[in-house]
>>> print(open('work-v9.cif').read())   # mmCIF, C-alpha atoms
data_protein
loop_
_atom_site.label_atom_id
_atom_site.label_comp_id
_atom_site.auth_asym_id
_atom_site.auth_seq_id
_atom_site.Cartn_x
_atom_site.Cartn_y
_atom_site.Cartn_z
CA MET A 35 -12.66 -10.36 -6.22
CA THR A 36 -9.09 -10.81 -5.07
CA HIS A 37 -8.56 -12.24 -1.63
CA ILE A 38 -5.26 -11.60 0.18
CA ALA A 39 -3.98 -13.44 3.26
CA VAL A 40 -1.92 -11.13 5.46
CA PHE A 41 0.82 -12.12 7.90
CA VAL A 42 1.90 -9.30 10.22
CA GLY A 43 5.08 -10.26 12.06
CA SER A 44 4.44 -8.11 15.14
CA LEU A 45 2.18 -8.49 18.15
CA ARG A 46 2.76 -4.98 19.50
CA ALA A 47 -0.48 -3.03 19.95
CA ASP A 48 1.06 0.08 18.34
CA SER A 49 2.90 -1.89 15.64
CA LEU A 50 4.13 0.10 12.66
CA ASN A 51 3.64 -3.01 10.54
CA LYS A 52 0.01 -3.41 11.58
CA LYS A 53 -0.50 0.23 10.61
CA LEU A 54 1.20 -0.41 7.27
CA ALA A 55 -1.00 -3.47 6.60
CA LYS A 56 -4.20 -1.61 7.49
CA ASN A 57 -3.27 1.31 5.25
CA LEU A 58 -2.48 -1.02 2.34
CA GLU A 59 -5.87 -2.67 2.91
CA GLN A 60 -7.60 0.72 2.73
CA LEU A 61 -5.71 1.65 -0.44
CA ALA A 62 -6.27 -1.68 -2.22
CA PRO A 63 -8.21 -1.69 -5.47
CA GLU A 64 -11.96 -2.15 -5.21
CA GLY A 65 -12.92 -5.80 -4.89
CA THR A 66 -9.84 -6.72 -2.85
CA THR A 67 -10.35 -8.30 0.56
CA PHE A 68 -7.82 -9.01 3.29
CA SER A 69 -7.82 -11.82 5.88
CA TYR A 70 -5.30 -11.57 8.68
CA ALA A 71 -3.64 -14.76 9.90
CA HIS A 72 -3.72 -14.96 13.70
CA ILE A 73 -0.15 -16.03 14.28
CA GLY A 74 0.30 -15.00 17.91
CA GLU A 75 -1.66 -18.00 19.15
CA LEU A 76 0.56 -20.66 17.55
CA PRO A 77 2.70 -23.01 19.61
CA LEU A 78 6.37 -23.09 18.74
CA PHE A 79 6.83 -25.36 15.75
CA ASN A 80 7.67 -28.91 16.76
CA GLU A 81 7.41 -31.76 14.27
CA GLU A 82 6.19 -34.02 17.07
CA LEU A 83 2.98 -31.93 17.25
CA GLU A 84 2.08 -32.65 13.62
CA ALA A 85 0.38 -35.96 14.46
CA ASP A 86 -2.26 -34.02 16.41
CA PHE A 87 -2.06 -30.88 14.28
CA PRO A 88 -2.92 -27.82 16.40
CA ALA A 89 -6.22 -26.11 15.54
CA SER A 90 -4.49 -22.71 15.58
CA ALA A 91 -1.98 -23.92 12.96
CA GLN A 92 -4.77 -25.36 10.82
CA ALA A 93 -6.57 -22.01 11.01
CA VAL A 94 -3.46 -20.28 9.65
CA LYS A 95 -3.19 -22.86 6.85
CA ASP A 96 -6.87 -22.27 6.04
CA VAL A 97 -6.32 -18.50 5.73
CA VAL A 98 -3.53 -19.11 3.21
CA GLU A 99 -5.37 -21.80 1.25
CA SER A 100 -8.52 -19.70 0.87
CA ALA A 101 -6.54 -16.71 -0.44
CA ASP A 102 -5.46 -15.81 -3.94
CA GLY A 103 -2.18 -14.35 -2.65
CA VAL A 104 -0.21 -13.73 0.52
CA LEU A 105 1.22 -10.46 1.81
CA PHE A 106 3.95 -10.59 4.46
CA VAL A 107 4.33 -7.43 6.56
CA THR A 108 7.48 -7.79 8.58
CA PRO A 109 9.34 -5.80 11.16
CA GLU A 110 13.03 -6.49 11.63
CA TYR A 111 14.52 -7.83 14.83
CA ASN A 112 18.31 -8.10 15.09
CA ARG A 113 18.67 -7.87 11.28
CA GLY A 114 16.28 -10.75 10.68
CA VAL A 115 12.74 -12.05 10.44
CA PRO A 116 10.87 -12.07 13.76
CA GLY A 117 10.58 -15.54 15.26
CA LEU A 118 6.80 -15.08 15.42
CA LEU A 119 6.58 -14.77 11.64
CA LYS A 120 9.01 -17.60 10.87
CA ASN A 121 7.10 -19.86 13.27
CA ALA A 122 3.83 -19.16 11.44
CA ILE A 123 5.43 -19.83 8.07
CA ASP A 124 6.80 -23.13 9.35
CA TRP A 125 3.38 -24.24 10.58
CA ALA A 126 1.60 -23.25 7.35
CA SER A 127 4.13 -25.19 5.27
CA ARG A 128 3.66 -28.43 7.25
CA PRO A 129 3.13 -31.36 7.52
CA TRP A 130 5.56 -32.38 4.79
CA GLY A 131 3.79 -32.43 1.42
CA THR A 132 1.05 -29.97 2.45
CA ASN A 133 2.82 -26.63 1.96
CA SER A 134 -0.04 -24.12 1.91
CA PHE A 135 2.21 -21.52 0.22
CA ASP A 136 3.04 -23.70 -2.79
CA GLY A 137 2.41 -21.70 -5.96
CA LYS A 138 0.80 -18.76 -4.14
CA PRO A 139 1.61 -15.25 -5.38
CA ALA A 140 3.34 -13.41 -2.53
CA GLY A 141 4.71 -10.01 -1.60
CA ILE A 142 6.83 -8.63 1.22
CA VAL A 143 6.71 -5.18 2.80
CA GLY A 144 7.93 -3.83 6.09
CA ALA A 145 8.13 -0.77 8.28
CA SER A 146 10.74 0.23 10.81
CA GLY A 147 11.52 3.24 12.94
CA GLY A 148 15.16 2.74 12.00
CA ALA A 149 17.16 3.70 8.93
CA LEU A 150 17.27 0.33 7.13
CA GLY A 151 13.52 -0.08 6.82
CA THR A 152 13.48 -3.89 7.23
CA GLY A 153 15.78 -4.57 4.25
CA PRO A 154 17.79 -7.37 5.92
CA ALA A 155 14.64 -9.06 7.27
CA GLN A 156 12.97 -8.92 3.87
CA SER A 157 16.06 -10.42 2.24
CA GLN A 158 15.99 -13.30 4.71
CA LEU A 159 12.25 -13.79 4.18
CA ARG A 160 12.70 -13.84 0.38
CA SER A 161 15.00 -16.83 0.78
CA VAL A 162 12.38 -18.73 2.76
CA LEU A 163 9.54 -17.87 0.37
CA VAL A 164 11.52 -18.90 -2.72
CA TYR A 165 12.18 -22.28 -1.09
CA LEU A 166 8.44 -22.62 -0.35
CA ASN A 167 7.72 -22.10 -4.07
CA THR A 168 5.75 -18.88 -3.80
CA ARG A 169 5.48 -16.63 -6.83
CA LEU A 170 7.20 -13.72 -5.18
CA MET A 171 6.74 -10.22 -6.60
CA GLY A 172 10.11 -8.53 -7.08
CA GLN A 173 9.10 -4.91 -7.73
CA PRO A 174 8.01 -2.50 -6.44
CA GLU A 175 9.35 -2.83 -2.92
CA ILE A 176 8.50 -1.18 0.40
CA TYR A 177 11.27 -0.81 2.97
CA LEU A 178 9.57 1.87 5.02
CA ALA A 179 12.31 3.52 7.10
CA GLY A 180 11.62 6.18 9.72
CA ALA A 181 8.06 4.88 9.68
CA LYS A 182 6.96 6.63 12.87
CA ALA A 183 6.77 9.86 10.87
CA VAL A 184 4.75 8.25 8.07
CA PHE A 185 1.53 7.83 10.08
CA ASP A 186 -0.65 10.59 11.52
CA ASP A 187 -2.35 10.56 14.92
CA ASN A 188 -5.12 8.33 13.51
CA ASP A 189 -2.59 5.78 12.16
CA VAL A 190 -3.33 6.85 8.57
CA VAL A 191 -0.40 7.26 6.21
CA VAL A 192 0.48 10.90 5.63
CA GLU A 193 -0.24 12.40 2.24
CA GLY A 194 3.39 12.42 1.08
CA SER A 195 3.65 8.62 1.38
CA LYS A 196 0.13 7.67 0.32
CA GLN A 197 0.86 7.41 -3.42
CA PHE A 198 3.88 5.21 -2.72
CA LEU A 199 1.71 2.73 -0.82
CA GLN A 200 -1.08 3.02 -3.41
CA ASP A 201 1.36 2.13 -6.21
CA TYR A 202 2.62 -0.89 -4.27
CA ILE A 203 -0.77 -2.39 -3.45
CA THR A 204 -2.07 -1.80 -6.97
CA ALA A 205 0.97 -3.61 -8.39
CA PHE A 206 0.67 -6.41 -5.84
CA VAL A 207 -3.01 -7.06 -6.58
CA ALA A 208 -2.21 -7.06 -10.31
CA HIS A 209 0.60 -9.57 -9.62
CA VAL A 210 -1.79 -11.82 -7.71
CA GLN A 211 -4.42 -11.60 -10.44
CA SER A 212 -1.89 -12.36 -13.18
CA GLN A 213 -0.69 -15.47 -11.32
CA THR A 214 -4.13 -16.90 -10.51
CA LYS A 215 -5.76 -16.84 -13.95
#
>>> encode(input="work-v9.cif", output="structure tokens")
Amino acid sequence: MTHIAVFVGSLRADSLNKKLAKNLEQLAPEGTTFSYAHIGELPLFNEELEADFPASAQAVKDVVESADGVLFVTPEYNRGVPGLLKNAIDWASRPWGTNSFDGKPAGIVGASGGALGTGPAQSQLRSVLVYLNTRLMGQPEIYLAGAKAVFDDNDVVVEGSKQFLQDYITAFVAHVQSQTK
């Protein structure tokens, strides 16, 4: 069994990134399970709150710590990582000395209705994850541009893009397994 923690950086009910995450979950190799971190309930990070660590932040840390690897599914807002996602990462890496991401295999994907397909946001996120000492997978990559056309009316990825997502999730699970042995 391979257990993946998933951080989706969007709260929108019709989020392209939630659709992407759910499709990757469905395409994952047999024996792979996903747990989604509930990041919308977190307070804004404030070091002063660490003394009485919020239960919602501890729950996010627990999702990461119980997983073999972490998948970040990020939209792009103003050429960067959504504040929601960065806030969750900050909480899960704290208090100092208890970075839940330390040594975890990680991957980044993203979907956007625009032409850049979350490239700038993923670049910014890579910087953060390298600092947090994750074992970040470099290839393959998913910068899903024009993503509204990639999903059908049931939010399932259309046949022309299915193999692309299948190849990514197969490679990511293999990356996680190779890093956790």
>>> closest_residue(input="work-v9.cif", among="A:Leu83, A:Ile73, A:Val97, A:Ala140", to="Pro116 (chain A)", atoms="only C-alpha atoms")
A:Ile73
>>> residues_around(input="work-v9.cif", residues="region 180-185 of chain A", least_positions_apart="3", cutoff="10 Å", atoms="all atoms listed in the file", output="PyMOL selection string")
chain A and resi 49-51+53-54+57+144-151+177+188-196
>>> write_last_selection(input="work-v9.cif", atoms="C-alpha atoms", output="PDB file, in the coordinates of the input")
ATOM      1  CA  SER A  49       2.900  -1.890  15.640  1.00  0.00           C
ATOM      2  CA  LEU A  50       4.130   0.100  12.660  1.00  0.00           C
ATOM      3  CA  ASN A  51       3.640  -3.010  10.540  1.00  0.00           C
ATOM      4  CA  LYS A  53      -0.500   0.230  10.610  1.00  0.00           C
ATOM      5  CA  LEU A  54       1.200  -0.410   7.270  1.00  0.00           C
ATOM      6  CA  ASN A  57      -3.270   1.310   5.250  1.00  0.00           C
ATOM      7  CA  GLY A 144       7.930  -3.830   6.090  1.00  0.00           C
ATOM      8  CA  ALA A 145       8.130  -0.770   8.280  1.00  0.00           C
ATOM      9  CA  SER A 146      10.740   0.230  10.810  1.00  0.00           C
ATOM     10  CA  GLY A 147      11.520   3.240  12.940  1.00  0.00           C
ATOM     11  CA  GLY A 148      15.160   2.740  12.000  1.00  0.00           C
ATOM     12  CA  ALA A 149      17.160   3.700   8.930  1.00  0.00           C
ATOM     13  CA  LEU A 150      17.270   0.330   7.130  1.00  0.00           C
ATOM     14  CA  GLY A 151      13.520  -0.080   6.820  1.00  0.00           C
ATOM     15  CA  TYR A 177      11.270  -0.810   2.970  1.00  0.00           C
ATOM     16  CA  ASN A 188      -5.120   8.330  13.510  1.00  0.00           C
ATOM     17  CA  ASP A 189      -2.590   5.780  12.160  1.00  0.00           C
ATOM     18  CA  VAL A 190      -3.330   6.850   8.570  1.00  0.00           C
ATOM     19  CA  VAL A 191      -0.400   7.260   6.210  1.00  0.00           C
ATOM     20  CA  VAL A 192       0.480  10.900   5.630  1.00  0.00           C
ATOM     21  CA  GLU A 193      -0.240  12.400   2.240  1.00  0.00           C
ATOM     22  CA  GLY A 194       3.390  12.420   1.080  1.00  0.00           C
ATOM     23  CA  SER A 195       3.650   8.620   1.380  1.00  0.00           C
ATOM     24  CA  LYS A 196       0.130   7.670   0.320  1.00  0.00           C
TER      25      LYS A 196
END
>>> residues_near_point(input="work-v9.cif", point="(13.5, -8.7, 10.8)", cutoff="10 Å", atoms="all atoms listed in the file", output="list in words")
Gly43, Thr108, Pro109, Glu110, Tyr111, Asn112, Arg113, Gly114, Val115, Pro116, Gly117, Leu119, Lys120, Gly144, Ala145, Ser146, Gly151, Thr152, Gly153, Pro154, Ala155, Gln156, Ser157, Gln158 and Leu159 of chain A
>>> residues_around(input="work-v9.cif", residues="region 201-211 of chain A", least_positions_apart="3", cutoff="10 Å", atoms="all atoms listed in the file", output="JSON list (two decimals) with C-alpha atoms, in the frame of the given file")
[["chain", "number", "residue", "atom", "x", "y", "z"],
["A", 35, "MET", "CA", -12.66, -10.36, -6.22],
["A", 36, "THR", "CA", -9.09, -10.81, -5.07],
["A", 37, "HIS", "CA", -8.56, -12.24, -1.63],
["A", 38, "ILE", "CA", -5.26, -11.60, 0.18],
["A", 57, "ASN", "CA", -3.27, 1.31, 5.25],
["A", 58, "LEU", "CA", -2.48, -1.02, 2.34],
["A", 59, "GLU", "CA", -5.87, -2.67, 2.91],
["A", 60, "GLN", "CA", -7.60, 0.72, 2.73],
["A", 61, "LEU", "CA", -5.71, 1.65, -0.44],
["A", 62, "ALA", "CA", -6.27, -1.68, -2.22],
["A", 63, "PRO", "CA", -8.21, -1.69, -5.47],
["A", 66, "THR", "CA", -9.84, -6.72, -2.85],
["A", 101, "ALA", "CA", -6.54, -16.71, -0.44],
["A", 102, "ASP", "CA", -5.46, -15.81, -3.94],
["A", 103, "GLY", "CA", -2.18, -14.35, -2.65],
["A", 104, "VAL", "CA", -0.21, -13.73, 0.52],
["A", 105, "LEU", "CA", 1.22, -10.46, 1.81],
["A", 138, "LYS", "CA", 0.80, -18.76, -4.14],
["A", 139, "PRO", "CA", 1.61, -15.25, -5.38],
["A", 140, "ALA", "CA", 3.34, -13.41, -2.53],
["A", 141, "GLY", "CA", 4.71, -10.01, -1.60],
["A", 142, "ILE", "CA", 6.83, -8.63, 1.22],
["A", 143, "VAL", "CA", 6.71, -5.18, 2.80],
["A", 169, "ARG", "CA", 5.48, -16.63, -6.83],
["A", 170, "LEU", "CA", 7.20, -13.72, -5.18],
["A", 171, "MET", "CA", 6.74, -10.22, -6.60],
["A", 172, "GLY", "CA", 10.11, -8.53, -7.08],
["A", 173, "GLN", "CA", 9.10, -4.91, -7.73],
["A", 174, "PRO", "CA", 8.01, -2.50, -6.44],
["A", 175, "GLU", "CA", 9.35, -2.83, -2.92],
["A", 176, "ILE", "CA", 8.50, -1.18, 0.40],
["A", 196, "LYS", "CA", 0.13, 7.67, 0.32],
["A", 197, "GLN", "CA", 0.86, 7.41, -3.42],
["A", 198, "PHE", "CA", 3.88, 5.21, -2.72],
["A", 214, "THR", "CA", -4.13, -16.90, -10.51],
["A", 215, "LYS", "CA", -5.76, -16.84, -13.95]]
>>> atom_distance(input="work-v9.cif", atom1="CA of Glu84 (chain A)", atom2="CA of Arg128 (chain A)")
7.8 Å
>>> resolve_selection(input="work-v9.cif", expression="the PyMOL selection byres ((chain A and resi 40) around 8)", output="ChimeraX atom specification")
/A:38-39,41-42,55,68-71,104-107
>>> residues_around(input="work-v9.cif", residues="region 86-95 of chain A", least_positions_apart="2", cutoff="10 Å", atoms="only C-alpha atoms", output="PDB file with C-alpha atoms, keeping the file's coordinate frame")
ATOM      1  CA  ALA A  39      -3.980 -13.440   3.260  1.00  0.00           C
ATOM      2  CA  PHE A  41       0.820 -12.120   7.900  1.00  0.00           C
ATOM      3  CA  TYR A  70      -5.300 -11.570   8.680  1.00  0.00           C
ATOM      4  CA  ALA A  71      -3.640 -14.760   9.900  1.00  0.00           C
ATOM      5  CA  HIS A  72      -3.720 -14.960  13.700  1.00  0.00           C
ATOM      6  CA  ILE A  73      -0.150 -16.030  14.280  1.00  0.00           C
ATOM      7  CA  GLY A  74       0.300 -15.000  17.910  1.00  0.00           C
ATOM      8  CA  GLU A  75      -1.660 -18.000  19.150  1.00  0.00           C
ATOM      9  CA  LEU A  76       0.560 -20.660  17.550  1.00  0.00           C
ATOM     10  CA  PRO A  77       2.700 -23.010  19.610  1.00  0.00           C
ATOM     11  CA  PHE A  79       6.830 -25.360  15.750  1.00  0.00           C
ATOM     12  CA  GLU A  81       7.410 -31.760  14.270  1.00  0.00           C
ATOM     13  CA  GLU A  82       6.190 -34.020  17.070  1.00  0.00           C
ATOM     14  CA  LEU A  83       2.980 -31.930  17.250  1.00  0.00           C
ATOM     15  CA  GLU A  84       2.080 -32.650  13.620  1.00  0.00           C
ATOM     16  CA  VAL A  97      -6.320 -18.500   5.730  1.00  0.00           C
ATOM     17  CA  VAL A  98      -3.530 -19.110   3.210  1.00  0.00           C
ATOM     18  CA  GLU A  99      -5.370 -21.800   1.250  1.00  0.00           C
ATOM     19  CA  SER A 100      -8.520 -19.700   0.870  1.00  0.00           C
ATOM     20  CA  ASN A 121       7.100 -19.860  13.270  1.00  0.00           C
ATOM     21  CA  ALA A 122       3.830 -19.160  11.440  1.00  0.00           C
ATOM     22  CA  ILE A 123       5.430 -19.830   8.070  1.00  0.00           C
ATOM     23  CA  ASP A 124       6.800 -23.130   9.350  1.00  0.00           C
ATOM     24  CA  TRP A 125       3.380 -24.240  10.580  1.00  0.00           C
ATOM     25  CA  ALA A 126       1.600 -23.250   7.350  1.00  0.00           C
ATOM     26  CA  SER A 127       4.130 -25.190   5.270  1.00  0.00           C
ATOM     27  CA  ARG A 128       3.660 -28.430   7.250  1.00  0.00           C
ATOM     28  CA  PRO A 129       3.130 -31.360   7.520  1.00  0.00           C
ATOM     29  CA  THR A 132       1.050 -29.970   2.450  1.00  0.00           C
ATOM     30  CA  ASN A 133       2.820 -26.630   1.960  1.00  0.00           C
ATOM     31  CA  SER A 134      -0.040 -24.120   1.910  1.00  0.00           C
ATOM     32  CA  PHE A 135       2.210 -21.520   0.220  1.00  0.00           C
TER      33      PHE A 135
END
>>> atom_distance(input="work-v9.cif", atom1="CA of Leu45 (chain A)", atom2="CA of Ala179 (chain A)")
19.2 Å
>>> atom_distance(input="work-v9.cif", atom1="CA of Leu199 (chain A)", atom2="CA of Lys52 (chain A)")
13.9 Å
>>> axis_aligned_box(input="work-v9.cif", around="region 198-209 of chain A", padding_each_side="6 Å", output="lines of an AutoDock Vina configuration file")
center_x = 0.4
center_y = -2.2
center_z = -5.6
size_x = 18.9
size_y = 26.8
size_z = 21.5
>>> decode(input="work-v9.cif", residues="region 186-197 of chain A", atoms="N, CA and C atoms", output="CSV table (one decimal), in the first residue's frame")
chain,number,residue,atom,x,y,z
A,186,ASP,N,-15.0,16.2,-18.7
A,186,ASP,CA,-16.3,16.1,-19.3
A,186,ASP,C,-17.4,16.6,-18.3
A,187,ASP,N,-18.7,16.4,-18.6
A,187,ASP,CA,-19.7,16.9,-17.8
A,187,ASP,C,-19.8,16.2,-16.4
A,188,ASN,N,-19.2,15.1,-16.3
A,188,ASN,CA,-19.1,14.3,-15.0
A,188,ASN,C,-17.8,14.6,-14.2
A,189,ASP,N,-17.0,15.6,-14.7
A,189,ASP,CA,-15.7,15.9,-14.1
A,189,ASP,C,-14.7,14.9,-14.3
A,190,VAL,N,-14.8,14.0,-15.2
A,190,VAL,CA,-13.9,13.0,-15.6
A,190,VAL,C,-13.0,13.5,-16.7
A,191,VAL,N,-11.7,13.2,-16.6
A,191,VAL,CA,-10.8,13.7,-17.7
A,191,VAL,C,-11.2,13.0,-19.0
A,192,VAL,N,-11.1,13.8,-20.0
A,192,VAL,CA,-11.5,13.3,-21.4
A,192,VAL,C,-10.4,12.3,-21.9
A,193,GLU,N,-10.8,11.4,-22.7
A,193,GLU,CA,-9.9,10.3,-23.2
A,193,GLU,C,-8.6,10.8,-23.7
A,194,GLY,N,-8.5,11.9,-24.4
A,194,GLY,CA,-7.3,12.4,-25.0
A,194,GLY,C,-6.2,12.8,-23.9
A,195,SER,N,-6.6,13.1,-22.7
A,195,SER,CA,-5.7,13.5,-21.6
A,195,SER,C,-5.5,12.4,-20.6
A,196,LYS,N,-6.3,11.4,-20.7
A,196,LYS,CA,-6.3,10.3,-19.6
A,196,LYS,C,-4.9,9.7,-19.5
A,197,GLN,N,-4.3,9.3,-20.6
A,197,GLN,CA,-3.0,8.6,-20.6
A,197,GLN,C,-1.9,9.5,-20.0
